[in-house]
$ cat upload-v3.txt   # compact mmCIF, C-alpha atoms
# COMPACT_ATOMS: atom_id res chain seq x y z
CA MET A 29 229.38 201.29 204.46
CA ASN A 30 229.72 198.90 207.34
CA THR A 31 228.20 195.41 206.85
CA ILE A 32 226.71 193.60 209.88
CA HIS A 33 227.59 189.95 209.74
CA GLN A 34 225.35 187.39 211.42
CA ARG A 35 227.13 184.93 213.64
CA PHE A 36 227.23 181.47 212.23
CA GLY A 37 225.38 179.01 214.41
CA PHE A 38 225.76 175.27 214.42
CA ASP A 39 222.06 174.65 215.02
CA THR A 40 221.66 172.08 212.26
CA VAL A 41 224.07 169.21 211.58
CA PHE A 42 224.13 167.31 208.31
CA ASP A 43 225.78 164.02 207.46
CA ASP A 44 227.78 163.22 204.33
CA ALA A 45 224.59 162.49 202.39
CA GLY A 46 223.12 165.85 203.31
CA ASP A 47 220.50 164.49 205.71
CA VAL A 48 219.81 166.32 208.97
CA THR A 49 221.22 164.39 211.91
CA ALA A 50 220.67 166.99 214.62
CA GLN A 51 218.71 170.17 214.92
CA ALA A 52 218.43 172.62 217.77
CA PRO A 53 214.97 173.07 219.24
CA PRO A 54 213.10 176.18 218.17
CA ARG A 55 213.77 179.18 220.29
CA PRO A 56 210.82 180.39 222.35
CA LYS A 57 208.98 183.29 220.87
CA ARG A 58 209.39 186.47 222.86
CA VAL A 59 207.13 188.81 221.00
CA TYR A 60 203.44 188.07 220.28
CA THR A 61 200.85 189.98 218.35
CA PRO A 62 197.51 190.80 220.03
CA GLU A 63 195.83 188.17 217.91
CA GLU A 64 198.34 185.52 219.01
CA VAL A 65 197.89 186.54 222.65
CA GLN A 66 194.13 186.20 222.29
CA ALA A 67 194.49 182.79 220.64
CA GLU A 68 196.86 181.55 223.36
CA ARG A 69 194.48 182.80 226.03
CA ALA A 70 191.50 181.05 224.43
CA GLN A 71 193.43 177.80 224.10
CA ALA A 72 194.56 177.93 227.73
CA TYR A 73 191.00 178.64 228.88
CA ALA A 74 189.62 175.72 226.85
CA GLU A 75 192.27 173.35 228.23
CA GLY A 76 191.52 174.48 231.78
CA GLU A 77 187.78 174.06 231.25
CA ARG A 78 188.28 170.54 229.90
CA SER A 79 190.43 169.72 232.91
CA VAL A 80 187.76 170.96 235.35
CA VAL A 81 185.01 169.04 233.56
CA ALA A 82 187.11 165.88 233.52
CA ARG A 83 187.77 166.15 237.26
CA ALA A 84 184.08 166.78 237.93
CA GLU A 85 183.10 163.74 235.86
CA GLN A 86 185.62 161.59 237.70
CA ALA A 87 184.29 162.81 241.05
CA ALA A 88 180.71 162.12 239.97
CA ALA A 89 181.59 158.62 238.78
CA ALA A 90 183.34 157.89 242.06
CA ALA A 91 180.34 159.18 244.03
CA LEU A 92 177.92 157.04 242.00
CA ALA A 93 180.08 153.97 242.51
CA ASP A 94 180.12 154.63 246.26
CA ILE A 95 176.33 155.06 246.30
CA ALA A 96 175.87 151.79 244.41
CA THR A 97 178.09 150.00 246.92
CA GLN A 98 176.18 151.44 249.87
CA VAL A 99 172.80 150.55 248.33
CA LYS A 100 173.93 147.01 247.60
CA ALA A 101 175.11 146.63 251.18
CA ALA A 102 171.77 147.94 252.49
CA LEU A 103 169.54 145.68 250.36
CA PRO A 104 169.55 142.68 252.76
CA THR A 105 168.47 144.93 255.61
CA LEU A 106 165.78 146.53 253.46
CA THR A 107 164.54 143.11 252.37
CA LYS A 108 164.27 142.03 256.00
CA LEU A 109 162.41 145.21 256.91
CA VAL A 110 159.99 144.72 254.01
CA HIS A 111 159.32 141.14 255.13
CA GLU A 112 158.67 142.32 258.68
CA HIS A 113 156.33 144.96 257.24
CA ARG A 114 154.44 142.23 255.36
CA ILE A 115 154.02 140.27 258.58
CA ALA A 116 152.80 143.36 260.41
CA SER A 117 150.39 144.11 257.57
CA ALA A 118 149.06 140.55 257.71
CA ASP A 119 148.54 140.87 261.47
CA LEU A 120 146.71 144.15 260.96
CA ALA A 121 144.52 142.66 258.23
CA LEU A 122 143.65 139.72 260.49
CA ALA A 123 142.79 142.03 263.38
CA CYS A 124 140.58 144.18 261.13
CA GLY A 125 138.93 141.09 259.66
CA ARG A 126 138.18 139.65 263.08
CA SER A 127 136.74 142.95 264.25
CA ILE A 128 134.54 143.43 261.18
CA ALA A 129 133.41 139.80 261.05
CA GLY A 130 132.70 139.76 264.78
CA ALA A 131 130.55 142.87 264.56
CA ALA A 132 128.68 141.54 261.52
CA LEU A 133 127.99 138.13 263.11
CA GLU A 134 126.89 139.77 266.32
CA GLN A 135 124.42 141.94 264.40
CA PHE A 136 123.25 139.19 262.01
CA PRO A 137 124.00 135.78 263.64
CA GLU A 138 121.53 134.01 261.37
CA ALA A 139 123.28 135.22 258.18
CA PRO A 140 125.73 132.27 257.84
CA VAL A 141 123.06 129.58 258.13
CA THR A 142 120.69 131.33 255.69
CA ALA A 143 123.58 131.80 253.24
CA ALA A 144 124.35 128.08 253.55
CA LEU A 145 120.73 127.13 252.92
CA GLN A 146 120.62 129.34 249.84
CA GLY A 147 123.86 127.83 248.52
CA LEU A 148 122.68 124.25 249.14
CA ALA A 149 119.15 124.72 247.86
CA ARG A 150 119.58 122.40 244.87
CA GLU A 151 121.14 119.65 246.94
CA ILE A 152 118.41 119.60 249.57
CA GLU A 153 115.38 120.39 247.40
CA SER A 154 114.33 116.72 247.40
CA ALA A 155 115.04 116.10 251.09
CA PRO A 156 111.89 115.60 253.17
CA ARG A 157 113.42 117.18 256.23
CA LEU A 158 116.26 119.49 257.14
CA ILE A 159 117.61 119.48 260.68
CA VAL A 160 119.42 122.64 261.71
CA ARG A 161 121.39 122.83 264.95
CA VAL A 162 122.37 126.28 266.27
CA ASN A 163 123.18 128.07 269.50
CA GLY A 164 120.26 127.83 271.91
CA ALA A 165 119.79 131.61 272.05
CA LEU A 166 119.31 131.73 268.28
CA VAL A 167 116.83 128.91 267.74
CA GLU A 168 113.74 131.07 267.20
CA ARG A 169 115.56 133.72 265.21
CA SER A 170 117.13 131.10 262.95
CA ARG A 171 113.82 129.23 262.48
CA THR A 172 112.05 132.38 261.36
CA ALA A 173 114.82 133.32 258.90
CA LEU A 174 115.13 129.78 257.49
CA GLU A 175 111.42 129.18 257.03
CA GLY A 176 111.02 132.47 255.20
CA LEU A 177 113.99 131.70 252.96
CA ALA A 178 112.81 128.13 252.28
CA GLN A 179 109.42 129.43 251.21
CA SER A 180 111.01 131.96 248.82
CA LEU A 181 113.23 129.22 247.36
CA GLY A 182 110.35 126.82 246.93
CA LEU A 183 111.76 124.17 249.27
CA PRO A 184 108.91 121.97 250.43
CA GLY A 185 110.80 120.04 253.08
CA GLN A 186 110.23 120.52 256.79
CA ILE A 187 112.88 122.52 258.65
CA LEU A 188 113.59 121.58 262.25
CA VAL A 189 115.79 123.97 264.21
CA LYS A 190 117.30 122.55 267.38
CA ASP A 191 119.57 123.70 270.16
CA GLU A 192 123.17 122.47 269.92
CA PRO A 193 124.94 122.82 273.29
CA GLY A 194 128.32 124.52 273.02
CA MET A 195 127.65 125.82 269.53
CA PRO A 196 129.19 129.30 269.15
CA PRO A 197 126.95 132.16 268.02
CA ALA A 198 126.52 132.18 264.22
CA GLY A 199 127.71 128.58 264.06
CA PHE A 200 125.45 125.81 262.71
CA ILE A 201 125.12 122.21 261.56
CA LEU A 202 122.86 121.30 258.64
CA ASP A 203 121.75 117.67 258.19
CA TRP A 204 119.41 116.60 255.39
CA GLY A 205 119.97 112.86 255.49
CA ASP A 206 122.00 112.57 252.29
CA GLY A 207 124.49 115.22 253.33
CA ARG A 208 125.78 117.43 256.08
CA ALA A 209 127.30 120.91 256.34
CA ALA A 210 128.72 122.76 259.32
CA PHE A 211 130.19 126.12 260.16
CA ASP A 212 132.17 127.23 263.19
CA PRO A 213 133.23 130.90 263.02
CA THR A 214 136.11 130.35 265.43
CA GLU A 215 137.54 127.49 263.39
CA ALA A 216 136.96 129.40 260.14
CA ALA A 217 138.87 132.40 261.48
CA ALA A 218 141.69 130.10 262.60
CA ARG A 219 141.89 128.51 259.13
CA VAL A 220 142.07 131.93 257.47
CA GLU A 221 144.83 133.02 259.84
CA THR A 222 146.79 129.81 259.27
CA ALA A 223 146.50 130.13 255.49
CA LEU A 224 147.63 133.76 255.55
CA ARG A 225 150.59 133.12 257.83
CA THR A 226 151.61 130.09 255.78
CA ALA A 227 151.59 132.19 252.61
CA VAL A 228 153.67 134.95 254.22
CA ALA A 229 156.13 132.43 255.67
CA ALA A 230 156.46 130.62 252.33
CA GLU A 231 157.19 133.92 250.63
CA GLY A 232 159.80 134.65 253.28
CA LEU A 233 162.73 136.73 252.15
CA HIS A 234 162.30 135.62 248.53
CA ALA A 235 159.44 137.92 247.65
CA GLU A 236 159.35 140.26 244.69
CA PRO A 237 162.61 142.28 244.55
CA ILE A 238 162.60 145.78 245.95
CA ASN A 239 162.47 148.38 243.20
CA LEU A 240 164.36 151.38 244.55
CA PHE A 241 164.05 153.32 241.31
CA PRO A 242 160.53 152.72 239.90
CA SER A 243 159.88 154.04 236.43
CA THR A 244 157.68 157.10 236.19
$ encode --input "upload-v3.txt" --output "structure tokens"
Amino acid sequence: MNTIHQRFGFDTVFDDAGDVTAQAPPRPKRVYTPEEVQAERAQAYAEGERSVVARAEQAAAAALADIATQVKAALPTLTKLVHEHRIASADLALACGRSIAGAALEQFPEAPVTAALQGLAREIESAPRLIVRVNGALVERSRTALEGLAQSLGLPGQILVKDEPGMPPAGFILDWGDGRAAFDPTEAAARVETALRTAVAAEGLHAEPINLFPST
């Protein structure tokens, strides 16, 4: 019977103490079972999937960083636009206020002076006489309204309504000897406008920060 001898290979080298000093790398496997093929395929698929996910996450992170940079660069412009919008809104509010107040005073020009008399009733209740100066066209209308109001308030003093040249409609001056009150609708509107514009200017570009991502 013929004996097949295996060739001796010098794959592993030992030293005098018997320790391995060199060893050839394992030879690649050339034959795989179906189970091993399936396992290799699953491993390769998982590694590829992880690689795709990692690249997608990197791309998303880069995109978010770019968006944050762009938003940060745009904030000064947005802040300026918001401030300009506040100024425009203030102008619109003033225009609406002037229109509404003008229509109301035109319809009821005696309303401011009667409101003043009602508010000052306690201060003038002991005054023997109240002198009221209004626009000449409103003397009779104001006298009728004031006398009726004084009677309902129990004010015994005499009310004298006089013409004040140059007094704007709905304006008045009240004089009861110990005190004086006046109202000029034009000056009042100017004071309101000045106060509003001063507040907007003081706020300037340092108003409440813009919230681009409000919570829901």
$ atom_distance --input "upload-v3.txt" --atom1 "CA of Val81 (chain A)" --atom2 "CA of Gln66 (chain A)"
22.5 Å
$ residues_around --input "upload-v3.txt" --residues "region 172-184 of chain A" --least-positions-apart "6" --cutoff "9 Å" --atoms "all atoms listed in the file" --output "ChimeraX atom specification"
/A:138-139,141-142,145-146,149,152-157
$ atom_distance --input "upload-v3.txt" --atom1 "CA of Glu64 (chain A)" --atom2 "CA of Gly76 (chain A)"
18.2 Å
$ residues_near_point --input "upload-v3.txt" --point "(130.9, 128.2, 263.1)" --cutoff "10 Å" --atoms "only C-alpha atoms" --output "compact mmCIF listing (two decimals) with C-alpha atoms, in the frame of the given file"
# COMPACT_ATOMS: atom_id res chain seq x y z
CA PRO A 140 125.73 132.27 257.84
CA VAL A 141 123.06 129.58 258.13
CA VAL A 162 122.37 126.28 266.27
CA MET A 195 127.65 125.82 269.53
CA PRO A 196 129.19 129.30 269.15
CA PRO A 197 126.95 132.16 268.02
CA ALA A 198 126.52 132.18 264.22
CA GLY A 199 127.71 128.58 264.06
CA PHE A 200 125.45 125.81 262.71
CA ILE A 201 125.12 122.21 261.56
CA ALA A 210 128.72 122.76 259.32
CA PHE A 211 130.19 126.12 260.16
CA ASP A 212 132.17 127.23 263.19
CA PRO A 213 133.23 130.90 263.02
CA THR A 214 136.11 130.35 265.43
CA GLU A 215 137.54 127.49 263.39
CA ALA A 216 136.96 129.40 260.14
CA ALA A 217 138.87 132.40 261.48
$ residues_around --input "upload-v3.txt" --residues "Val220 (chain A)" --least-positions-apart "2" --cutoff "12 Å" --atoms "all atoms listed in the file" --output "count of residues only"
19
$ atom_distance --input "upload-v3.txt" --atom1 "CA of Ala131 (chain A)" --atom2 "CA of Ser170 (chain A)"
17.9 Å
$ closest_residue --input "upload-v3.txt" --among "A:Asp191, A:Asp203, A:Glu85, A:Glu221" --to "Ala144 (chain A)" --atoms "all atoms listed in the file"
A:Asp203
$ closest_residue --input "upload-v3.txt" --among "A:Glu63, A:Glu68, A:Glu77, A:Glu112" --to "Ala229 (chain A)" --atoms "all atoms listed in the file"
A:Glu112
